[in-house]
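What follows is the content of start01.cif (mmCIF, C-alpha atoms).
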```
data_entry
loop_
_atom_site.group_PDB
_atom_site.id
_atom_site.type_symbol
_atom_site.label_atom_id
_atom_site.label_comp_id
_atom_site.auth_asym_id
_atom_site.auth_seq_id
_atom_site.Cartn_x
_atom_site.Cartn_y
_atom_site.Cartn_z
ATOM 1 C CA MET A 1 27.759 3.409 1.750
ATOM 2 C CA LYS A 2 26.018 1.630 4.637
ATOM 3 C CA ILE A 3 24.234 4.848 5.672
ATOM 4 C CA LEU A 4 23.012 5.435 2.122
ATOM 5 C CA ARG A 5 21.696 1.867 1.897
ATOM 6 C CA SER A 6 19.878 2.259 5.200
ATOM 7 C CA ARG A 7 18.296 5.538 4.130
ATOM 8 C CA MET A 8 17.200 4.085 0.789
ATOM 9 C CA TYR A 9 15.753 1.032 2.532
ATOM 10 C CA GLU A 10 13.807 3.186 5.007
ATOM 11 C CA ALA A 11 12.585 5.532 2.274
ATOM 12 C CA THR A 12 11.372 2.605 0.203
ATOM 13 C CA LYS A 13 9.643 1.062 3.217
ATOM 14 C CA GLU A 14 7.894 4.336 4.082
ATOM 15 C CA HIS A 15 6.828 4.833 0.465
ATOM 16 C CA LEU A 16 5.285 1.367 0.338
ATOM 17 C CA ARG A 17 3.562 1.872 3.695
ATOM 18 C CA GLY A 18 2.152 5.202 2.531
ATOM 19 C CA GLN A 19 0.762 3.683 -0.645
ATOM 20 C CA ARG A 20 -0.782 0.836 1.335
ATOM 21 C CA GLU A 21 -2.386 3.272 3.784
ATOM 22 C CA LYS A 22 -3.795 5.329 0.900
ATOM 23 C CA HIS A 23 -5.599 2.286 -0.482
ATOM 24 C CA ILE A 24 -6.806 1.244 2.979
ATOM 25 C CA ALA A 25 -8.255 4.736 3.448
ATOM 26 C CA ASN A 26 -9.955 4.598 0.045
ATOM 27 C CA ALA A 27 -11.556 1.246 0.887
ATOM 28 C CA GLU A 28 -12.639 2.578 4.289
ATOM 29 C CA VAL A 29 -14.356 5.564 2.652
ATOM 30 C CA MET A 30 -16.153 3.282 0.212
ATOM 31 C CA LEU A 31 -17.263 0.944 2.993
ATOM 32 C CA SER A 32 -18.403 3.787 5.236
ATOM 33 C CA ASN A 33 -20.219 5.885 2.667
ATOM 34 C CA PRO A 34 -20.680 4.132 -0.696
ATOM 35 C CA VAL A 35 -23.436 6.542 -1.755
ATOM 36 C CA GLY A 36 -21.017 9.464 -1.673
ATOM 37 C CA ILE A 37 -18.876 8.037 -4.458
ATOM 38 C CA GLY A 38 -20.784 8.906 -7.612
ATOM 39 C CA GLU A 39 -18.230 7.877 -10.216
ATOM 40 C CA HIS A 40 -18.137 4.283 -8.917
ATOM 41 C CA SER A 41 -21.162 2.448 -10.256
ATOM 42 C CA ASP A 42 -19.920 -0.873 -8.879
ATOM 43 C CA VAL A 43 -18.828 -0.061 -5.338
ATOM 44 C CA ILE A 44 -17.950 -3.679 -4.486
ATOM 45 C CA GLU A 45 -15.634 -3.928 -7.487
ATOM 46 C CA SER A 46 -14.002 -0.650 -6.497
ATOM 47 C CA ILE A 47 -13.434 -1.933 -2.959
ATOM 48 C CA VAL A 48 -11.950 -5.157 -4.332
ATOM 49 C CA LYS A 49 -9.545 -3.133 -6.501
ATOM 50 C CA GLU A 50 -8.437 -1.147 -3.469
ATOM 51 C CA LEU A 51 -7.904 -4.376 -1.516
ATOM 52 C CA GLU A 52 -5.858 -5.784 -4.389
ATOM 53 C CA GLN A 53 -3.603 -2.763 -4.087
ATOM 54 C CA VAL A 54 -3.354 -3.218 -0.311
ATOM 55 C CA ALA A 55 -2.285 -6.839 -0.884
ATOM 56 C CA HIS A 56 0.199 -5.724 -3.557
ATOM 57 C CA TYR A 57 1.902 -3.284 -1.198
ATOM 58 C CA ASP A 58 1.829 -5.814 1.664
ATOM 59 C CA ASP A 59 3.602 -8.281 -0.636
ATOM 60 C CA MET A 60 6.175 -5.664 -1.609
ATOM 61 C CA LEU A 61 6.845 -4.794 2.038
ATOM 62 C CA ASN A 62 7.312 -8.484 2.842
ATOM 63 C CA ALA A 63 9.696 -8.895 -0.085
ATOM 64 C CA LEU A 64 11.673 -5.866 1.050
ATOM 65 C CA ARG A 65 11.952 -7.251 4.589
ATOM 66 C CA ASN A 66 12.737 -10.819 3.507
ATOM 67 C CA HIS A 67 15.341 -10.032 0.877
ATOM 68 C CA PHE A 68 16.944 -6.747 1.840
ATOM 69 C CA GLN A 69 16.774 -6.253 5.596
#
```

Transcribe the structure of this file into C-alpha cells.
Amino acid sequence: MKILRSRMYEATKEHLRGQREKHIANAEVMLSNPVGIGEHSDVIESIVKELEQVAHYDDMLNALRNHFQ
C-alpha cells in the first residue's frame, strides 16, 4: 500500500508540474513573439490568464507537499 501511495503522489506531482510548465511556456511564447499569436487580440490578458494558471498549479503543488508528503 505504501508503494502505491508513493507512486500516486509522484504521478500527481509530475502531472501538476507538467501543467505548470505548459502554461509557463505559453506565457513565454506570448512575451517573446506576441505578433505571432493571431487569435489573441488582447495579448496582455492572455498572458495574465496563463500566469493565473501557473499560480493555480503552484498552489496545488504546495498543497500536495504540505498536506500529503

Starting from the displayed file, determine the output of the PyMOL selection byres ((chain A and resi 56-68) around 7) and express the residue list as a list in words.
Lys13, Leu16, Arg20, Glu52, Gln53, Val54, Ala55 and Gln69 of chain A

For CA of Thr12 in chain A and CA of Leu51 in chain A, quote the distance in Å rounded to one decimal.
20.6 Å

Using only C-alpha atoms, which protein or nucleic acid residues come within 10 Å of Ile24 in chain A? Drop anything in the same chain fewer than 2 positions from it, and give the result as a ChimeraX atom specification.
/A:18-22,26-30,47,50-51,53-54

How many Å lie between CA of Asp42 in chain A and CA of His15 in chain A, rounded to one decimal?
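Between these atoms lies a distance of 28.9 Å.
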
Record the distance separating CA of Ser41 in chain A and CA of Ala25 in chain A, expressed in Å with one decimal.
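Between CA of Ser41 in chain A and CA of Ala25 in chain A the gap is 19.0 Å.
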
Box in all listed atoms of range 20-30 of chain A, axis-aligned, with 3 Å more on each side; write out centre and edge lengths in Å to one decimal as AutoDock Vina command-line options.
```
--center_x -8.5 --center_y 3.2 --center_z 1.9 --size_x 21.4 --size_y 10.7 --size_z 10.8
```
